[in-house]
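Q: Quick one: structure below, then a few questions.
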Amino acid sequence: MVALTDPTLATAAPPDRLSRARRLHGLLALLLVVVALTSLTVGATGVQLWDVAGKLLHGDELSAMERVVLLDIRLPRLAMGLAVGAALAVSGAVMQGLFRNPLADPGIVGVSAGAGLGAILAIVLGGLLPPALAFLPGPYLVPVAAFLGGWVTTLLLYRVATRRGHTSVATMLLAGIALGALTGAVSGVLVYMADDTQLRDLTFWGLGSLAGASWTKLAVALPVIAVSLAGAVLLGRALNALALGEATAAHIGIPVQRMKRLAILCVAAATGAAVAVSGGIGFIGIVVPHLLRLASGPDHRALLVNAALLGAALLLVADMISRVVVAPAELPIGIVTAVLGAPVFLWILLRQRGVVDL
Amino acid sequence: MNRRSVLALTLCSAAYLALGGLGAAILPAQAARGEADTLAIGGSVTEIVYALGQQHRLIARDTTSTFPPEAQALPDVGYMRALSPEGVLSVSPDLILSEEGAGPPETLEVLEEAHIPFITVPGGFDAESVAAKIRAVGDALEVPDEAEDLARQVTGQIEAAQTRAQEHGGAPKRVLFVLSAQGGRLMGAGDDTGAAAIIAMAGGVNALEGVTGYKPLSDEAAAAAAPDVILMMDRGGDHGASADELFALPALAVTPAAETRSLVQMDGLKLLGFGPRTGEAVSELAAALYGS
């Protein structure tokens, strides 16, 4: 990504460019509202948002079906899609800024690998927990294990990469690859031990889904994601300065070490919570920030907010596709985001290399 | 913001909206239901419903319900361990009849919230379990007498087939059930699997002892298992070609099965479903192993 490392663009974005990016806020917010309303009204059952709204206005009783579909299925699913989409896209943008590498995605700090290991552990060995420890009801064991796995892995990486109060981003990247290989190996052993129903569960977990959305899960995941996203969005100015290099950023007066720690912890928390409730959903964290940089430049002050809005909207669209194309069955959402995301990503790459000019 | 990006965003929004409209348009129309009110989850449960003559009660099925072929005309709510709550609700079942292991738990919670009776039919790999399954389905559909008859008939068939299977007089054959041979890597069935159970019922010996569940096999382990016969699920298509490929694999080339080119392929749901066709499966497998 040329623009990211080019100091003239990153810090001194021309004023009209920043304001243009800010004007995009409104447009994306509008898009998000439209998508959100559509997602409330699209689904395998014929329940329509408008009918329900009409009934509510007239003070009529909702049927049990309408209540369950809207309040227990679509609404938590919508909230989860918003939170997870925003979390993944913002985390991606922050990581790309922090590592000054356009290929960085939220998984780069080890969250995804760790969360995957946690989930696999819970699925394969969950049944072996001694009764005294099995206080977690079944459905919540996997998300909790995934979150802890992601969190522990990130803290471990952070420790490894931090020497005398200075975190080396390069060490973190390389240690992340090593740790990824290690968690991959452990996961492999567990996959070998799994029986065939557990194997099916593992496959579906890896493909991601918002179908497991429930108010209980949201009550835990939403605050974590909201707080860490708020923290991440505050990093805009510091990330801009960091594009000039760590030394320069420090000279400008950015507390580089504190900012790195905040960024890594925010991303670990947001992505960890997102992966825990929805499984592995790829490409949102890479495609969304890149699209936005193309549309309105690399200024993180606007980029992070736009990423939250577009990430949420995109994930909701992917979710609608996943629940409509094979209705009444459902396609795992990770398949949809990969099918939508991979060609777009390729197009971005080719465009930047000047192969395609669209 | 320039005109181009406004245009692009407008186009995107239009596409999203069109998508929403499309979704609403292709939703399964609510057909005239008549008596139909039951969602069957699990291939053997669906088979039992048909065997009881209660197919007019079915409104939908899951992906694993592939027999009888008529069942495939019913709407498919997805794979039994990854059911989507709204997909299940969309077929408006008043009763859900399921094999063990349906999920995920979040979906079951929502269904409970919607007050839809959910009956889990017990599983197991022997004649008694098949009878228990049939009785459970019969009770749920309120046809206990028919179920009792069917259960007796099916148990009788299975027991008769088992007895006949032991009468071949020769040494029992070692059978290796191969779940898949993707890329030359064999996935074999160990103890505690439906495959091991049906092999034993048909008078064979499971070649893969001391392993539990379905496991990937190394070439040496497969050779050491020394199967006389390879048993696989029949996925249709040209059998001859797949036998050639199979016995060319280093894992199987040195086994007794390769010498005699003994490959048995059977319908997967019949073989491993433990439903009304299990007696038939035992006879068929025994005939394939020892000749009729």
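Residue names in the structure tokens use chain letters A, B, ... in the order shown, residue numbers from 1 in each chain, and ligand numbers from 1 in the order shown.
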Hey, what does DSSP flag as helix (DSSP H, G or I) within range 254-287 of chain B? Can you give it to me as a list in words?

A: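 Residues of range 254-287 of chain B classed as helix (DSSP H, G or I): Pro256, Ala257, Ala258, Glu259, Thr260, Gly268, Leu269, Lys270, Leu271, Leu272, Thr278, Gly279, Glu280, Ala281, Val282, Ser283, Glu284, Leu285, Ala286 and Ala287 of chain B.
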
Q: Keeping N, CA and C atoms, export the residues of the selection given above as a PDB file, in the first residue's frame.

A:
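Writing the result to result.pdb gives the following:
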ATOM      1  N   PRO B 256      -5.314 -59.124   1.679  1.00  0.00           N
ATOM      2  CA  PRO B 256      -6.048 -60.227   1.057  1.00  0.00           C
ATOM      3  C   PRO B 256      -7.198 -59.716   0.193  1.00  0.00           C
ATOM      4  N   ALA B 257      -7.798 -58.606   0.601  1.00  0.00           N
ATOM      5  CA  ALA B 257      -8.927 -58.064  -0.159  1.00  0.00           C
ATOM      6  C   ALA B 257      -8.503 -57.707  -1.577  1.00  0.00           C
ATOM      7  N   ALA B 258      -7.281 -57.181  -1.739  1.00  0.00           N
ATOM      8  CA  ALA B 258      -6.817 -56.789  -3.064  1.00  0.00           C
ATOM      9  C   ALA B 258      -6.605 -58.018  -3.944  1.00  0.00           C
ATOM     10  N   GLU B 259      -6.103 -59.115  -3.341  1.00  0.00           N
ATOM     11  CA  GLU B 259      -5.875 -60.340  -4.110  1.00  0.00           C
ATOM     12  C   GLU B 259      -7.164 -60.861  -4.726  1.00  0.00           C
ATOM     13  N   THR B 260      -8.234 -60.859  -3.890  1.00  0.00           N
ATOM     14  CA  THR B 260      -9.510 -61.380  -4.380  1.00  0.00           C
ATOM     15  C   THR B 260     -10.383 -60.277  -4.953  1.00  0.00           C
ATOM     16  N   GLY B 268     -25.293 -45.852   1.866  1.00  0.00           N
ATOM     17  CA  GLY B 268     -24.808 -45.432   3.178  1.00  0.00           C
ATOM     18  C   GLY B 268     -25.894 -45.390   4.239  1.00  0.00           C
ATOM     19  N   LEU B 269     -27.052 -44.848   3.879  1.00  0.00           N
ATOM     20  CA  LEU B 269     -28.119 -44.711   4.869  1.00  0.00           C
ATOM     21  C   LEU B 269     -28.684 -46.088   5.245  1.00  0.00           C
ATOM     22  N   LYS B 270     -28.766 -46.983   4.265  1.00  0.00           N
ATOM     23  CA  LYS B 270     -29.253 -48.330   4.558  1.00  0.00           C
ATOM     24  C   LYS B 270     -28.267 -49.044   5.489  1.00  0.00           C
ATOM     25  N   LEU B 271     -26.984 -48.903   5.151  1.00  0.00           N
ATOM     26  CA  LEU B 271     -25.939 -49.621   5.878  1.00  0.00           C
ATOM     27  C   LEU B 271     -25.781 -49.105   7.308  1.00  0.00           C
ATOM     28  N   LEU B 272     -25.775 -47.787   7.477  1.00  0.00           N
ATOM     29  CA  LEU B 272     -25.397 -47.214   8.765  1.00  0.00           C
ATOM     30  C   LEU B 272     -26.535 -46.476   9.466  1.00  0.00           C
ATOM     31  N   THR B 278     -32.448 -52.048   8.185  1.00  0.00           N
ATOM     32  CA  THR B 278     -31.240 -52.643   8.732  1.00  0.00           C
ATOM     33  C   THR B 278     -31.196 -54.160   8.508  1.00  0.00           C
ATOM     34  N   GLY B 279     -32.361 -54.821   8.622  1.00  0.00           N
ATOM     35  CA  GLY B 279     -32.412 -56.260   8.372  1.00  0.00           C
ATOM     36  C   GLY B 279     -31.940 -56.567   6.957  1.00  0.00           C
ATOM     37  N   GLU B 280     -32.472 -55.780   6.020  1.00  0.00           N
ATOM     38  CA  GLU B 280     -32.093 -55.903   4.620  1.00  0.00           C
ATOM     39  C   GLU B 280     -30.582 -55.689   4.459  1.00  0.00           C
ATOM     40  N   ALA B 281     -30.060 -54.680   5.167  1.00  0.00           N
ATOM     41  CA  ALA B 281     -28.638 -54.365   5.071  1.00  0.00           C
ATOM     42  C   ALA B 281     -27.800 -55.540   5.556  1.00  0.00           C
ATOM     43  N   VAL B 282     -28.227 -56.159   6.686  1.00  0.00           N
ATOM     44  CA  VAL B 282     -27.472 -57.289   7.237  1.00  0.00           C
ATOM     45  C   VAL B 282     -27.468 -58.442   6.233  1.00  0.00           C
ATOM     46  N   SER B 283     -28.659 -58.763   5.652  1.00  0.00           N
ATOM     47  CA  SER B 283     -28.731 -59.852   4.672  1.00  0.00           C
ATOM     48  C   SER B 283     -27.837 -59.556   3.474  1.00  0.00           C
ATOM     49  N   GLU B 284     -27.954 -58.315   2.990  1.00  0.00           N
ATOM     50  CA  GLU B 284     -27.217 -57.947   1.786  1.00  0.00           C
ATOM     51  C   GLU B 284     -25.704 -58.045   2.022  1.00  0.00           C
ATOM     52  N   LEU B 285     -25.279 -57.551   3.193  1.00  0.00           N
ATOM     53  CA  LEU B 285     -23.850 -57.566   3.497  1.00  0.00           C
ATOM     54  C   LEU B 285     -23.366 -59.017   3.684  1.00  0.00           C
ATOM     55  N   ALA B 286     -24.186 -59.804   4.409  1.00  0.00           N
ATOM     56  CA  ALA B 286     -23.797 -61.206   4.633  1.00  0.00           C
ATOM     57  C   ALA B 286     -23.699 -61.946   3.306  1.00  0.00           C
ATOM     58  N   ALA B 287     -24.672 -61.688   2.397  1.00  0.00           N
ATOM     59  CA  ALA B 287     -24.646 -62.333   1.087  1.00  0.00           C
ATOM     60  C   ALA B 287     -23.395 -61.925   0.322  1.00  0.00           C
TER      61      ALA B 287
END

Q: Pick out the residues sitting within 10 Å of Ile333 in chain A, and hand them over as a ChimeraX atom specification; count only C-alpha atoms, and ignore anything fewer than 3 positions along from it in its own chain.

A: /A:204,207-211,278-282,315-316,318-323,330,336-339

Q: Kindly assemble as a Markdown table a list of the chain A residues that lie within 9 Å of chain B, each paired with its nearest atom pair and their distance in Å to one decimal, using only C-alpha atoms, sorted first by chain and then by ascending residue number.

A:
| residue | atom | partner | partner_atom | distance |
| --- | --- | --- | --- | --- |
| A:Arg17 | CA | B:Met1 | CA | 8.4 |
| A:Ser19 | CA | B:Met1 | CA | 8.7 |
| A:Arg20 | CA | B:Met1 | CA | 5.2 |
| A:Ala21 | CA | B:Met1 | CA | 7.7 |
| A:Arg23 | CA | B:Met1 | CA | 7.4 |
| A:Leu24 | CA | B:Met1 | CA | 7.6 |
| A:Leu27 | CA | B:Leu9 | CA | 8.3 |
| A:Leu28 | CA | B:Leu9 | CA | 8.7 |
| A:Leu31 | CA | B:Ser13 | CA | 6.7 |
| A:Val34 | CA | B:Ser13 | CA | 8.2 |
| A:Val35 | CA | B:Tyr16 | CA | 7.2 |
| A:Thr38 | CA | B:Gly20 | CA | 6.3 |
| A:Ser39 | CA | B:Gly20 | CA | 7.7 |
| A:Thr41 | CA | B:Gly20 | CA | 8.3 |
| A:Val42 | CA | B:Ala24 | CA | 6.3 |
| A:Gly43 | CA | B:Glu86 | CA | 6.9 |
| A:Ala44 | CA | B:Gly87 | CA | 5.3 |
| A:Thr45 | CA | B:Ser90 | CA | 3.9 |
| A:Gly46 | CA | B:Ser90 | CA | 7.1 |
| A:Val47 | CA | B:Ser90 | CA | 8.9 |
| A:Ala64 | CA | B:Ala114 | CA | 6.9 |
| A:Met65 | CA | B:Ala114 | CA | 6.8 |
| A:Arg67 | CA | B:Ala114 | CA | 8.8 |
| A:Val68 | CA | B:Ala114 | CA | 6.1 |
| A:Val69 | CA | B:Glu86 | CA | 6.7 |
| A:Asp72 | CA | B:Val110 | CA | 6.9 |
| A:Ile73 | CA | B:Glu86 | CA | 6.9 |
| A:Arg74 | CA | B:Glu86 | CA | 8.4 |
| A:Gly138 | CA | B:Pro105 | CA | 7.7 |
| A:Pro139 | CA | B:Pro105 | CA | 5.9 |
| A:Tyr192 | CA | B:Lys215 | CA | 7.4 |
| A:Met193 | CA | B:Lys215 | CA | 8.3 |
| A:Ala194 | CA | B:Gly213 | CA | 8.6 |
| A:Asp195 | CA | B:Gly213 | CA | 5.9 |
| A:Asp196 | CA | B:Tyr214 | CA | 6.5 |
| A:Thr197 | CA | B:Gly101 | CA | 8.2 |
| A:Arg200 | CA | B:Arg81 | CA | 7.8 |
| A:Asp201 | CA | B:Arg81 | CA | 7.4 |
| A:Phe204 | CA | B:Ala82 | CA | 7.5 |
| A:Ala211 | CA | B:Ser84 | CA | 6.0 |
| A:Gly212 | CA | B:Glu106 | CA | 5.4 |
| A:Ala213 | CA | B:Glu106 | CA | 7.5 |
| A:Ser214 | CA | B:Glu106 | CA | 7.2 |
| A:Ala295 | CA | B:Ser5 | CA | 7.0 |
| A:Ser296 | CA | B:Met1 | CA | 8.1 |
| A:Val317 | CA | B:Tyr16 | CA | 7.2 |
| A:Met320 | CA | B:Gly20 | CA | 7.8 |
| A:Ile321 | CA | B:Leu19 | CA | 7.9 |
| A:Arg323 | CA | B:Gly87 | CA | 8.0 |
| A:Val324 | CA | B:Gly23 | CA | 5.6 |
| A:Val325 | CA | B:Gly23 | CA | 7.5 |
| A:Val326 | CA | B:Gly78 | CA | 8.5 |
| A:Ala327 | CA | B:Gly87 | CA | 6.3 |
| A:Pro328 | CA | B:Gly87 | CA | 4.1 |
| A:Ala329 | CA | B:Gly78 | CA | 4.1 |
| A:Glu330 | CA | B:Ser84 | CA | 6.4 |
| A:Leu331 | CA | B:Gly78 | CA | 8.8 |

Q: Find the residues near Ile254 in chain A: any atom within 12 Å, counting only C-alpha atoms, skip ones fewer than 2 places away on the same chain, and give them as an NGL selection string.

A: :A and (235-252 or 256-260)

Q: Excluding Ala40 in chain B and residues on its chain fewer than 5 positions from it, collect all residues at most 9 Å away from it, counting only C-alpha atoms, and give them as a PyMOL selection string.

A: chain B and resi 45-46+49+58-62+65+95-99

Q: Please return as a ChimeraX atom specification: the residues of range 3-193 of chain A that backbone DSSP assigns to strand (DSSP E).

A: /A:162-163,166-167

Q: Only N, CA and C atoms, please: the residues just picked out, written as a PDB file, in the first residue's frame.

A:
ATOM      1  N   THR A 162       7.992  -7.678  23.655  1.00  0.00           N
ATOM      2  CA  THR A 162       8.306  -6.463  24.411  1.00  0.00           C
ATOM      3  C   THR A 162       9.588  -6.631  25.220  1.00  0.00           C
ATOM      4  N   ARG A 163      10.564  -5.776  24.976  1.00  0.00           N
ATOM      5  CA  ARG A 163      11.836  -5.773  25.694  1.00  0.00           C
ATOM      6  C   ARG A 163      12.068  -4.376  26.247  1.00  0.00           C
ATOM      7  N   HIS A 166       9.783  -1.663  25.278  1.00  0.00           N
ATOM      8  CA  HIS A 166       9.621  -1.336  23.865  1.00  0.00           C
ATOM      9  C   HIS A 166       9.111  -2.568  23.115  1.00  0.00           C
ATOM     10  N   THR A 167       7.997  -2.412  22.434  1.00  0.00           N
ATOM     11  CA  THR A 167       7.437  -3.543  21.703  1.00  0.00           C
ATOM     12  C   THR A 167       7.905  -3.509  20.260  1.00  0.00           C
TER      13      THR A 167
END

Q: Which residues, written as a list in words, have at least one atom at most 9 Å from Ser180 in chain B, with only C-alpha atoms counted and residues fewer than 5 positions away on the same chain left out?

A: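 Once the adjacent positions are removed, what remains is Arg185, Leu186, Met187, Gly188, Met232 and Met233 of chain B.
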
Q: Which one is closest to Pro122 in chain B: B:Pro172, B:Gly183, B:Gly42, B:Gly204? Count only C-alpha atoms.

A: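 Answer, going by the shortest atom-to-atom distance: B:Gly42.
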